[in-house]
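Structure record follows, encoded as structure tokens.
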Amino acid sequence: MTNLGRTDYKQEIKLLKILLDSCYDPNDRAIIKQMERSTLATKAMDSDVRKMKKENTQGIKKAFKKPLVPNYITHSIGESKKKVRASVLMGLSEHEFCRMDKVYIRTFDSKYGAAEYVVDRQKENCLKHQSAYAVERNGTRRVLLREIYPYVRNIRTQTNDMIAKRKHIHRTLAIQAPFKESYQSFLT
């Protein structure tokens, strides 16, 4: 088997373009364009061209290597943190929080202690306390909703689905993704 040598694809494409510019017959121009496409496809499949292309790009990557920068200086944000920040954008206001109904509320350790409260306005017997109080789940203490708002850790439905949560006491009370549209159904 004889070795015909390596094809110079650049030269061949250049000649085909010159031939295309000099030709005026539409049928011949279509044939020349087809030949040019065929040459480009063959070039893309040629293993020698692929190896040369890979070596060239590796050399460029080595020449322009990024300097190592300490982590505390960089300002890039990872994908998981971007998702967290996107979910924090929509917070539950104090006014909306005071209108919640049929929910469980868990608080951080604060002046009221780490406790769990229930808000169920329909089961509340006393009309005076019906509108703005939360009842401690394992006790008899009643607390105004507006007073416990800064200490709320999370708000859950009766089926234990998380409506909103706060990761730290100084952060916003963030509405979770499944409830971003439907959390208003828990407001009275």
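In the structure tokens, chains take letters A, B, ... by order of appearance, with residues numbered from 1 within each chain and ligands from 1 in the order shown.
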Original post:
Near stretch 135-146 of chain A, within 6 Å and counting only C-alpha atoms, which residues show up once chain neighbours fewer than 2 positions away are dropped, as JSON, numbers by chain?
Top reply: {"A": [98, 116, 117, 118, 132, 133, 148, 149]}
Atoms to include: all heavy atoms. Write the selected residues as a compact mmCIF listing (two decimals), in the first residue's frame.
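Output file again.txt is given in full below:
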# COMPACT_ATOMS: atom_id res chain seq x y z
N CYS A 98 -47.79 37.84 60.41
CA CYS A 98 -48.86 38.01 61.42
C CYS A 98 -50.21 37.54 60.91
O CYS A 98 -51.14 37.36 61.69
CB CYS A 98 -48.93 39.47 61.87
SG CYS A 98 -47.52 39.95 62.87
N GLU A 116 -41.74 25.43 69.93
CA GLU A 116 -42.58 25.24 68.75
C GLU A 116 -43.98 25.75 69.07
O GLU A 116 -44.53 25.44 70.12
CB GLU A 116 -42.62 23.77 68.36
CG GLU A 116 -43.20 23.56 66.99
CD GLU A 116 -42.86 22.18 66.44
OE1 GLU A 116 -41.89 21.57 66.89
OE2 GLU A 116 -43.61 21.75 65.55
N TYR A 117 -44.51 26.53 68.15
CA TYR A 117 -45.82 27.16 68.35
C TYR A 117 -46.79 26.71 67.27
O TYR A 117 -46.39 26.33 66.17
CB TYR A 117 -45.70 28.68 68.31
CG TYR A 117 -44.83 29.25 69.40
CD1 TYR A 117 -43.48 29.46 69.19
CD2 TYR A 117 -45.37 29.57 70.64
CE1 TYR A 117 -42.67 29.98 70.20
CE2 TYR A 117 -44.58 30.09 71.65
CZ TYR A 117 -43.24 30.30 71.42
OH TYR A 117 -42.44 30.80 72.42
N VAL A 118 -48.08 26.82 67.60
CA VAL A 118 -49.13 26.48 66.64
C VAL A 118 -49.99 27.71 66.45
O VAL A 118 -50.34 28.39 67.41
CB VAL A 118 -50.01 25.33 67.18
CG1 VAL A 118 -51.13 25.01 66.20
CG2 VAL A 118 -49.18 24.11 67.46
N ALA A 132 -53.91 37.37 66.63
CA ALA A 132 -52.49 37.66 66.59
C ALA A 132 -51.62 36.82 67.51
O ALA A 132 -50.48 37.16 67.73
CB ALA A 132 -52.27 39.13 66.91
N TYR A 133 -52.12 35.72 68.04
CA TYR A 133 -51.35 34.94 69.01
C TYR A 133 -50.98 33.57 68.48
O TYR A 133 -51.72 32.96 67.72
CB TYR A 133 -52.14 34.77 70.31
CG TYR A 133 -52.09 36.00 71.18
CD1 TYR A 133 -52.98 37.04 70.97
CD2 TYR A 133 -51.17 36.12 72.20
CE1 TYR A 133 -52.95 38.18 71.77
CE2 TYR A 133 -51.13 37.25 73.00
CZ TYR A 133 -52.01 38.27 72.79
OH TYR A 133 -51.97 39.38 73.57
N ILE A 148 -42.59 37.27 68.20
CA ILE A 148 -41.71 36.14 67.89
C ILE A 148 -41.17 36.18 66.46
O ILE A 148 -40.31 35.39 66.12
CB ILE A 148 -42.38 34.77 68.16
CG1 ILE A 148 -43.59 34.56 67.26
CG2 ILE A 148 -42.71 34.61 69.61
CD1 ILE A 148 -44.11 33.14 67.30
N TYR A 149 -41.66 37.11 65.65
CA TYR A 149 -41.21 37.18 64.25
C TYR A 149 -39.68 37.24 64.10
O TYR A 149 -39.11 36.52 63.29
CB TYR A 149 -41.86 38.36 63.52
CG TYR A 149 -41.35 38.56 62.12
CD1 TYR A 149 -41.72 37.69 61.09
CD2 TYR A 149 -40.48 39.59 61.81
CE1 TYR A 149 -41.24 37.85 59.81
CE2 TYR A 149 -39.99 39.76 60.53
CZ TYR A 149 -40.38 38.90 59.54
OH TYR A 149 -39.89 39.06 58.27
**OP:** Identify all residues of stretch 138-188 of chain A in helix (DSSP H, G or I) (DSSP on the backbone) and supply them as a VMD selection string.
**Re:** chain A and resid 145 to 151 177 to 179 183 to 186
Output file for the residues above (C-alpha atoms, as a PDB file, in the first residue's frame):
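Contents of the output file selection33.pdb:
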ATOM      1  CA  LEU A 145     -46.861  36.819  66.472  1.00  0.00           C
ATOM      2  CA  ARG A 146     -45.155  40.166  65.965  1.00  0.00           C
ATOM      3  CA  GLU A 147     -43.000  39.516  69.047  1.00  0.00           C
ATOM      4  CA  ILE A 148     -41.706  36.145  67.893  1.00  0.00           C
ATOM      5  CA  TYR A 149     -41.207  37.180  64.245  1.00  0.00           C
ATOM      6  CA  PRO A 150     -37.499  38.121  64.711  1.00  0.00           C
ATOM      7  CA  TYR A 151     -36.776  34.735  66.341  1.00  0.00           C
ATOM      8  CA  ALA A 177     -39.366  27.255  46.267  1.00  0.00           C
ATOM      9  CA  PRO A 178     -42.528  25.071  46.300  1.00  0.00           C
ATOM     10  CA  PHE A 179     -44.464  27.768  48.194  1.00  0.00           C
ATOM     11  CA  TYR A 183     -47.812  30.675  50.395  1.00  0.00           C
ATOM     12  CA  GLN A 184     -50.603  33.301  50.344  1.00  0.00           C
ATOM     13  CA  SER A 185     -53.175  30.528  50.803  1.00  0.00           C
ATOM     14  CA  PHE A 186     -51.941  30.302  54.435  1.00  0.00           C
TER      15      PHE A 186
END
Original post:
Excluding same-chain residues fewer than 5 positions from A:Lys14, what lies within 12 Å of it counting only C-alpha atoms, as a ChimeraX atom specification?
Top reply: /A:8-9,19-21,32,35-36,39-40
Original post:
So which one's closest to A:Ala164, A:Asp48, A:Ser93, A:Lys53, A:Glu12? Using only C-alpha atoms, please.
Top reply: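 Going through A:Asp48, A:Ser93, A:Lys53, A:Glu12 one by one, the smallest distance to A:Ala164 is for A:Ser93.
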Original post:
Nearest to A:Thr42: which of A:Lys10, A:Arg29, A:Lys111, A:Lys180 is it, counting only C-alpha atoms?
Top reply: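 Of all the options, A:Lys10 lies closest to A:Thr42.
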Subject >> Atomic distance atom CA of A:Gln176 - atom CA of A:Asn160, expressed in Å with one decimal >> reply: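 Separation of atom CA of A:Gln176 and atom CA of A:Asn160: 13.2 Å.
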Original post:
Given the choices A:Ile169, A:Ile105, A:Ile175, A:Ile13, which gets closest to A:Thr157 if the distance is worked out from only C-alpha atoms?
Top reply: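 The answer is A:Ile105, which sits nearest to A:Thr157.
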Original post:
How many Å lie between atom CA of A:Ile163 and atom CA of A:Arg121, rounded to one decimal?
Top reply: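 Computed distance, atom CA of A:Ile163 to atom CA of A:Arg121, equals 18.0 Å.
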**OP:** Rank nothing, just name the residue among A:Met52, A:Asp120, A:Ser47, A:Leu16 nearest to A:Gln158, using only C-alpha atoms.
**Re:**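 Ranking A:Met52, A:Asp120, A:Ser47, A:Leu16 by distance to A:Gln158, first place goes to A:Asp120.
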Original post:
In Å, with one decimal, what is the gap from atom CA of A:Leu187 to atom CA of A:Phe97?
Top reply: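 Atom-to-atom, atom CA of A:Leu187 to atom CA of A:Phe97, that is 8.0 Å.
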